[in-house]
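Student: Following this line is start04.txt, made up of compact mmCIF, C-alpha atoms:
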# COMPACT_ATOMS: atom_id res chain seq x y z
CA MET J 1 33.61 49.77 -19.93
CA THR J 2 30.93 48.09 -22.02
CA THR J 3 31.41 44.56 -23.30
CA GLU J 4 31.11 43.51 -26.94
CA ASN J 5 27.79 41.85 -26.17
CA GLU J 6 26.44 45.04 -24.60
CA GLN J 7 27.62 47.04 -27.61
CA LEU J 8 25.92 44.62 -29.98
CA MET J 9 22.70 44.71 -27.97
CA GLU J 10 22.71 48.50 -28.30
CA LYS J 11 23.43 48.20 -32.02
CA ALA J 12 20.44 45.86 -32.37
CA ALA J 13 18.24 48.30 -30.45
CA GLY J 14 19.39 51.05 -32.81
CA LEU J 15 18.53 48.92 -35.82
CA ARG J 16 15.06 48.34 -34.40
CA ARG J 17 14.52 52.04 -33.86
CA ASP J 18 15.60 52.79 -37.43
CA ILE J 19 13.35 50.02 -38.79
CA LEU J 20 10.35 51.63 -37.14
CA LEU J 21 11.28 55.14 -38.23
CA MET J 22 11.63 54.21 -41.89
CA ASN J 23 8.56 51.95 -41.80
CA HIS J 24 6.53 54.83 -40.38
CA ALA J 25 7.90 57.22 -43.02
CA ALA J 26 6.92 54.84 -45.81
CA GLY J 27 3.47 54.12 -44.41
CA SER J 28 3.93 50.45 -45.24
CA GLY J 29 6.49 47.68 -45.16
CA HIS J 30 7.41 44.58 -43.21
CA PRO J 31 8.28 45.45 -39.61
CA GLY J 32 7.70 42.06 -37.93
CA GLY J 33 10.38 40.01 -39.66
CA SER J 34 12.78 42.95 -39.73
CA LEU J 35 12.60 43.32 -35.95
CA SER J 36 13.05 39.59 -35.35
CA ALA J 37 16.30 39.53 -37.34
CA ALA J 38 17.93 42.60 -35.78
CA ASP J 39 20.19 40.77 -33.32
CA VAL J 40 21.56 38.38 -35.94
CA VAL J 41 22.15 41.24 -38.39
CA ALA J 42 23.85 43.34 -35.70
CA CYS J 43 26.29 40.54 -34.90
CA LEU J 44 27.05 39.96 -38.57
CA PHE J 45 27.58 43.59 -39.57
CA PHE J 46 29.26 44.93 -36.43
CA SER J 47 31.35 41.97 -35.30
CA GLU J 48 31.67 39.21 -37.86
CA MET J 49 31.89 40.34 -41.47
CA LYS J 50 34.77 41.98 -43.32
CA LEU J 51 33.24 45.03 -45.03
CA ASP J 52 34.40 48.40 -46.34
CA ALA J 53 31.77 51.07 -46.89
CA GLU J 54 34.36 53.16 -48.74
CA ASN J 55 34.90 50.30 -51.18
CA PRO J 56 31.60 48.38 -51.50
CA ASP J 57 32.95 46.24 -54.36
CA TRP J 58 36.09 45.10 -52.53
CA GLU J 59 36.74 41.60 -53.84
CA GLU J 60 37.63 40.11 -50.45
CA ARG J 61 34.59 41.47 -48.63
CA ASP J 62 32.30 38.98 -46.95
CA ARG J 63 28.94 38.65 -48.66
CA PHE J 64 25.56 38.97 -46.96
CA VAL J 65 22.39 38.02 -48.83
CA LEU J 66 19.03 38.84 -47.29
CA SER J 67 17.08 36.04 -48.91
CA LYS J 68 13.90 37.12 -47.10
CA GLY J 69 14.10 40.37 -49.04
CA HIS J 70 10.85 41.81 -47.71
CA ALA J 71 12.67 42.36 -44.38
CA CYS J 72 14.98 44.88 -46.08
CA PRO J 73 14.52 47.61 -43.41
CA VAL J 74 16.86 45.69 -41.11
CA LEU J 75 19.47 45.51 -43.88
CA TYR J 76 19.08 49.20 -44.73
CA ALA J 77 19.45 50.15 -41.06
CA ALA J 78 22.68 48.15 -40.80
CA LEU J 79 24.09 49.61 -44.02
CA ALA J 80 23.30 53.17 -42.90
CA GLU J 81 24.97 52.53 -39.54
CA LYS J 82 28.04 51.19 -41.37
CA GLY J 83 28.21 54.38 -43.44
CA TYR J 84 27.08 53.16 -46.85
CA PHE J 85 24.51 55.98 -47.11
CA SER J 86 22.80 58.63 -45.01
CA ARG J 87 19.81 58.01 -42.75
CA ASP J 88 18.13 60.82 -44.69
CA GLU J 89 17.32 58.11 -47.25
CA TYR J 90 14.85 56.59 -44.77
CA GLN J 91 12.36 59.27 -45.80
CA LYS J 92 12.23 57.75 -49.29
CA LEU J 93 11.75 54.10 -48.31
CA ARG J 94 9.46 52.41 -50.85
CA LYS J 95 9.16 55.65 -52.82
CA THR J 96 9.56 55.86 -56.61
CA GLY J 97 13.08 56.99 -57.39
CA GLY J 98 14.31 56.42 -53.87
CA MET J 99 17.49 54.53 -53.05
CA LEU J 100 15.71 52.20 -50.63
CA GLN J 101 13.17 50.11 -52.47
CA GLY J 102 10.60 47.76 -50.92
CA HIS J 103 12.91 44.87 -51.71
CA PRO J 104 16.71 45.12 -51.97
CA ASP J 105 18.09 46.43 -55.26
CA ARG J 106 21.85 46.14 -55.76
CA LEU J 107 21.77 48.70 -58.58
CA LYS J 108 20.24 51.36 -56.32
CA THR J 109 21.59 50.66 -52.84
CA PRO J 110 25.31 50.47 -51.95
CA GLY J 111 26.11 47.35 -49.96
CA VAL J 112 23.27 45.24 -51.30
CA GLU J 113 24.61 42.06 -52.89
CA PHE J 114 21.50 40.67 -54.59
CA ASN J 115 18.00 41.73 -55.66
CA SER J 116 16.07 39.43 -53.37
CA GLY J 117 12.38 39.19 -52.67
CA SER J 118 11.21 36.23 -54.71
CA LEU J 119 11.64 33.74 -51.89
CA GLY J 120 14.31 31.11 -52.34
CA GLN J 121 16.28 32.96 -54.99
CA GLY J 122 18.49 34.87 -52.58
CA PHE J 123 19.63 31.63 -50.98
CA SER J 124 20.51 30.25 -54.41
CA ALA J 125 22.51 33.39 -55.16
CA ALA J 126 24.39 33.08 -51.86
CA ILE J 127 25.27 29.48 -52.71
CA GLY J 128 26.57 30.63 -56.09
CA MET J 129 28.71 33.29 -54.41
CA ALA J 130 30.16 30.70 -52.05
CA LEU J 131 30.89 28.31 -54.93
CA GLY J 132 32.50 31.13 -56.89
CA GLY J 133 34.65 32.05 -53.93
CA LYS J 134 35.84 28.48 -53.59
CA ARG J 135 36.67 28.09 -57.26
CA SER J 136 38.50 31.41 -57.47
CA GLY J 137 40.49 30.84 -54.28
CA ARG J 138 38.98 33.83 -52.46
CA SER J 139 39.01 33.98 -48.68
CA TYR J 140 35.63 35.65 -48.21
CA ARG J 141 32.71 34.01 -46.45
CA VAL J 142 29.05 34.16 -47.45
CA TYR J 143 26.15 34.64 -45.06
CA ALA J 144 22.51 34.18 -46.02
CA LEU J 145 19.47 35.05 -43.92
CA LEU J 146 16.31 33.11 -44.70
CA GLY J 147 12.81 33.38 -43.30
CA ASP J 148 11.17 30.28 -41.91
CA GLY J 149 8.17 30.73 -44.20
CA GLU J 150 10.66 30.86 -47.05
CA LEU J 151 11.46 27.23 -46.35
CA ASP J 152 8.12 26.35 -47.94
CA GLU J 153 9.86 26.92 -51.27
CA GLY J 154 11.24 23.82 -52.97
CA GLN J 155 14.13 25.85 -54.39
CA VAL J 156 15.49 26.24 -50.86
CA TRP J 157 15.76 22.48 -50.38
CA GLU J 158 17.47 22.07 -53.74
CA GLY J 159 19.94 24.67 -52.47
CA PHE J 160 20.56 22.78 -49.24
CA MET J 161 21.33 19.67 -51.26
CA PHE J 162 23.57 21.49 -53.75
CA ALA J 163 25.63 23.37 -51.15
CA ALA J 164 26.34 20.23 -49.14
CA HIS J 165 27.28 18.30 -52.29
CA HIS J 166 29.87 20.97 -53.11
CA ASN J 167 31.27 21.10 -49.55
CA LEU J 168 30.71 24.83 -49.22
CA ASP J 169 32.23 25.38 -45.79
CA ASN J 170 32.55 29.09 -46.59
CA LEU J 171 28.74 29.39 -46.43
CA CYS J 172 26.72 30.04 -43.28
CA ALA J 173 22.95 30.30 -43.48
CA PHE J 174 20.74 31.71 -40.74
CA ILE J 175 17.07 30.80 -40.49
CA ASP J 176 15.03 33.49 -38.74
CA TYR J 177 12.76 30.99 -37.02
CA ASN J 178 10.05 33.28 -35.65
CA LYS J 179 7.31 30.69 -36.33
CA LEU J 180 5.11 33.08 -38.33
CA GLN J 181 4.65 33.86 -42.00
CA SER J 182 2.44 36.31 -43.85
CA ASP J 183 -0.93 34.73 -43.12
CA ASP J 184 -0.62 32.60 -40.01
CA TYR J 185 1.64 30.50 -37.83
CA ASN J 186 3.94 28.19 -39.78
CA GLU J 187 2.48 25.09 -38.18
CA ASN J 188 -0.91 25.95 -39.70
CA ILE J 189 0.52 26.59 -43.18
CA MET J 190 3.40 24.11 -43.56
CA ASN J 191 4.89 22.49 -40.48
CA LEU J 192 8.70 22.54 -40.67
CA GLU J 193 9.47 20.21 -37.79
CA PRO J 194 11.67 18.31 -37.18
CA LEU J 195 13.67 21.06 -38.88
CA ALA J 196 17.11 20.37 -37.40
CA ASP J 197 16.89 16.68 -38.26
CA LYS J 198 15.93 17.49 -41.84
CA LEU J 199 18.89 19.81 -42.26
CA ARG J 200 21.30 17.28 -40.77
CA ALA J 201 19.96 14.73 -43.23
CA PHE J 202 21.03 17.12 -46.00
CA ASN J 203 24.56 16.96 -44.52
CA TRP J 204 24.69 20.48 -43.13
CA HIS J 205 26.32 21.32 -39.83
CA VAL J 206 23.36 22.47 -37.70
CA ILE J 207 23.43 24.85 -34.74
CA GLU J 208 20.33 25.91 -32.78
CA ILE J 209 20.38 29.13 -30.76
CA ASP J 210 18.33 31.86 -29.17
CA GLY J 211 18.38 34.36 -32.03
CA HIS J 212 18.13 37.28 -29.61
CA ASN J 213 21.13 36.29 -27.50
CA THR J 214 24.25 37.95 -28.90
CA GLU J 215 26.57 35.62 -27.01
CA GLU J 216 24.94 32.60 -28.62
CA ILE J 217 24.98 34.24 -32.06
CA LEU J 218 28.70 35.03 -31.80
CA SER J 219 29.44 31.52 -30.53
CA ALA J 220 27.54 30.04 -33.48
CA LEU J 221 29.51 32.20 -35.92
CA ALA J 222 32.81 31.09 -34.38
CA GLU J 223 31.70 27.46 -34.58
CA ALA J 224 30.68 27.88 -38.23
CA ARG J 225 34.14 29.21 -39.08
CA SER J 226 35.71 26.10 -37.55
CA VAL J 227 33.67 23.61 -39.58
CA GLY J 228 35.40 22.11 -42.60
CA GLY J 229 33.97 20.26 -45.57
CA ARG J 230 30.33 21.26 -45.28
CA PRO J 231 28.15 24.34 -44.89
CA THR J 232 26.61 25.49 -41.61
CA VAL J 233 23.03 26.47 -40.90
CA VAL J 234 22.05 28.30 -37.74
CA ILE J 235 18.45 27.88 -36.63
CA ALA J 236 17.87 31.13 -34.76
CA HIS J 237 14.74 30.92 -32.62
CA THR J 238 13.27 34.41 -32.61
CA VAL J 239 10.12 36.38 -31.87
CA LYS J 240 8.40 38.18 -34.71
CA GLY J 241 8.17 41.89 -33.91
CA ARG J 242 10.80 41.53 -31.17
CA GLY J 243 11.13 44.52 -28.86
CA VAL J 244 7.72 46.08 -29.50
CA SER J 245 5.02 44.67 -27.23
CA PHE J 246 2.06 45.17 -29.54
CA MET J 247 3.92 43.69 -32.53
CA GLU J 248 5.41 40.60 -30.91
CA ASN J 249 4.00 37.28 -32.16
CA HIS J 250 1.24 39.04 -34.08
CA PRO J 251 0.71 37.98 -37.74
CA ARG J 252 -0.80 41.35 -38.70
CA TRP J 253 2.62 42.99 -38.38
CA HIS J 254 4.24 40.73 -40.97
CA GLY J 255 3.71 43.24 -43.74
CA SER J 256 1.80 46.14 -45.27
CA LEU J 257 1.19 47.88 -41.91
CA ALA J 258 3.14 50.76 -40.42
CA PRO J 259 2.88 52.13 -36.90
CA SER J 260 0.76 55.22 -36.38
CA PRO J 261 2.44 58.26 -34.78
CA GLU J 262 1.08 57.17 -31.41
CA GLU J 263 2.23 53.58 -31.87
CA LEU J 264 5.64 54.79 -33.00
CA GLU J 265 6.09 56.81 -29.82
CA ILE J 266 5.19 53.77 -27.70
CA ALA J 267 7.52 51.51 -29.68
CA LEU J 268 10.48 53.89 -29.48
CA ASP J 269 9.93 54.27 -25.76
CA GLU J 270 9.90 50.49 -25.32
CA LEU J 271 13.16 50.27 -27.23
CA LYS J 272 14.59 52.95 -24.92
CA GLY J 273 15.49 55.11 -27.87
CA GLY J 274 14.47 58.47 -29.14
CA GLY J 275 15.31 59.71 -32.55
CA ARG J 276 13.68 62.09 -34.91
CA ILE J 277 10.25 60.90 -35.98
CA CYS J 278 10.03 60.89 -39.77
Using structure tokens, write down the structure that the file contains.
Tutor:
Amino acid sequence: MTTENEQLMEKAAGLRRDILLMNHAAGSGHPGGSLSAADVVACLFFSEMKLDAENPDWEERDRFVLSKGHACPVLYAALAEKGYFSRDEYQKLRKTGGMLQGHPDRLKTPGVEFNSGSLGQGFSAAIGMALGGKRSGRSYRVYALLGDGELDEGQVWEGFMFAAHHNLDNLCAFIDYNKLQSDDYNENIMNLEPLADKLRAFNWHVIEIDGHNTEEILSALAEARSVGGRPTVVIAHTVKGRGVSFMENHPRWHGSLAPSPEELEIALDELKGGGRIC
């Protein structure tokens, strides 16, 4: 009998396979930061959050906002696995008229909560959802996933200050800390360290984990639920391009590239998954 952690690891592997398949079909996209976030997204969608694909607008659903909207393939893969739409839609990723746009669009894609992509704005929307939930007496929780390069945006730090001021303990933010952004390593663009100390100074409850360890992710989520009076931020240390040897820790796979047919075969083999090549 498989354990929950083993099931979640397999879910994450499935998300990674789907990310590559749709990225290849589109001929472009953002594979690196999608792959790095797969374990966190798997734990959220298949263990943590209250969701109902048959009723996407259920008032008591938990909210997930992908603030780093360019990594939408990981969100689309999770939504398809949850039954919000068919995997056939992967063929139309980033295509005019398709359901799956290059950045999330709540008017086109069931399960998407916010049209993110302009970095920093998704986090602000998640904070607003959490504040709204508090004021309306709703029981739902809000989860936001930010990129580490996104933390270069001043709007993000205004959000950290605002959420703590309003004691939003129904809000849990994850930082996909893969140490790379679109052009280079973070430390060469805008050094974030000491990141945990900065976030504590903003009066957030801070947890640091291995963002590819499902046990640690689930433990962090349980801890976040137990915290009262302030929001929680989980610094998830990850590897950009996780699971695909030639993509890992390589800035060129942040965006715009897609694997060739030969690269796709290698990647799927490394992820121990087959699947129909788009």
Student: Against stretch 29-52 of chain J, which residues of stretch 153-234 of chain J fall within 8 Å? For each one I want the closest pair of atoms and the distance in Å (one decimal), counting all atoms listed in the file, rows by chain and increasing residue number, as a Markdown table.
Tutor:
| residue | atom | partner | partner_atom | distance |
| --- | --- | --- | --- | --- |
| J:Asp176 | CA | J:Ala37 | CA | 6.3 |
| J:Asn178 | CA | J:Ser36 | CA | 7.0 |
| J:Gly211 | CA | J:Val40 | CA | 6.4 |
| J:His212 | CA | J:Asp39 | CA | 5.5 |
| J:Asn213 | CA | J:Asp39 | CA | 7.4 |
| J:Thr214 | CA | J:Asp39 | CA | 6.6 |
| J:Ile217 | CA | J:Val40 | CA | 6.6 |
| J:Leu218 | CA | J:Cys43 | CA | 6.8 |
| J:Leu221 | CA | J:Glu48 | CA | 7.6 |
Student: Choose the residue, out of J:Ala71, J:Val227, J:Leu180, J:Ile235, that has the smallest atom-to-atom separation from J:Pro194; count all atoms listed in the file.
Tutor: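 Going through J:Ala71, J:Val227, J:Leu180, J:Ile235 one by one, the smallest distance to J:Pro194 is for J:Ile235.
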Student: Please report, as CSV, each residue of stretch 27-69 of chain J lying at most 12 Å from stretch 168-171 of chain J, together with the nearest pair of atoms and the separation in Å rounded to one decimal; use all atoms listed in the file, and order rows by chain and ascending residue number.
Tutor:
residue,atom,partner,partner_atom,distance
J:Asp62,CA,J:Asn170,CA,9.9
J:Arg63,CA,J:Leu171,CA,9.5
J:Phe64,CA,J:Leu171,CA,10.1
J:Val65,CA,J:Leu171,CA,11.0
Student: Keeping only C-alpha atoms, write those residues as a compact mmCIF listing (two decimals), in the frame of the given file.
Tutor:
# COMPACT_ATOMS: atom_id res chain seq x y z
CA ASP J 62 32.30 38.98 -46.95
CA ARG J 63 28.94 38.65 -48.66
CA PHE J 64 25.56 38.97 -46.96
CA VAL J 65 22.39 38.02 -48.83
Student: Between J:Pro104, J:Gly69, J:Trp157, J:Gly229, which residue has the minimum interatomic distance to J:Ala201, considering only C-alpha atoms?
Tutor: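 Closest to J:Ala201, using only C-alpha atoms: J:Trp157.
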Student: Check the smallest atom-to-atom distance from each of J:Thr109, J:Ser139, J:Asn249, J:Ser67 to J:Ser86 using all atoms listed in the file, then report the winner.
Tutor: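 Of J:Thr109, J:Ser139, J:Asn249, J:Ser67, the one nearest J:Ser86, counting all atoms listed in the file, is J:Thr109.
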Student: Using all atoms listed in the file, can you tell me which of J:Asp183, J:Leu66, J:Asp148, J:Glu153 comes closest to J:Ala125?
Tutor: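 Closest to J:Ala125, using all atoms listed in the file: J:Leu66.
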Student: Atom CA of J:Ala130 and atom CA of J:His165 are how many Å apart?
Tutor: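 Between atom CA of J:Ala130 and atom CA of J:His165 the gap works out to 12.7 Å.
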Student: Closest to J:Pro56 among J:Ala222, J:Val112, J:Leu100, J:Leu146, using only C-alpha atoms?
Tutor: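 Under the stated criterion, the closest residue is J:Val112.
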Student: Do a neighbour search on J:Arg17 at 10 Å with only C-alpha atoms, toss out local chain neighbours closer than 4 positions, and write the hits as number ranges by chain.
Tutor: J: 11-13, 21-23, 35, 74, 77, 243, 264, 267-275
Student: Mind giving me the straight-line distance from atom CA of J:Met190 to atom CA of J:Asp152 in Å, one decimal?
Tutor: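 Separation of atom CA of J:Met190 and atom CA of J:Asp152: 6.8 Å.
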Student: Please measure the separation of atom CA of J:Met129 and atom CA of J:Val233, giving the value in Å to one decimal.
Tutor: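 It comes out at 16.2 Å.
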Student: Under the rule that all atoms listed in the file are counted, which of J:Ile207, J:Lys198, J:Ser182, J:Ala25 is the nearest residue to J:Arg252?
Tutor: J:Ser182
Student: Tell me which protein, DNA and RNA residues are within 8 Å of J:Tyr177, counting all atoms listed in the file, leaving out same-chain ones fewer than 3 positions away, and put them as an NGL selection string.
Tutor: :J and (147-148 or 235-239)
Student: For the residues selected in the previous step, produce a file with C-alpha atoms as a CSV table (one decimal), keeping the file's coordinate frame.
Tutor:
chain,number,residue,atom,x,y,z
J,147,GLY,CA,12.8,33.4,-43.3
J,148,ASP,CA,11.2,30.3,-41.9
J,235,ILE,CA,18.4,27.9,-36.6
J,236,ALA,CA,17.9,31.1,-34.8
J,237,HIS,CA,14.7,30.9,-32.6
J,238,THR,CA,13.3,34.4,-32.6
J,239,VAL,CA,10.1,36.4,-31.9
Student: List every protein, DNA or RNA residue with an atom no more than 12 Å from (-0.2, 51.4, -38.1) in the file's coordinates, counting all atoms listed in the file, and format the result as a VMD selection string.
Tutor: chain J and resid 20 23 to 31 246 to 247 252 to 267
Student: Quick one: axis-aligned box around all listed atoms of stretch 168-179 of chain J, 8 Å on every side, centre and edge lengths in Å to one decimal, written as JSON.
Tutor:
{"center_x": 19.9, "center_y": 29.2, "center_z": -42.4, "size_x": 41.2, "size_y": 24.7, "size_z": 29.6}
Student: Taking 3 positions as the minimum chain separation for residues in the same chain, which residues sit within 8 Å of J:Asn167 when counting all atoms listed in the file? Answer as a ChimeraX atom specification.
Tutor: /J:163-164,229-231
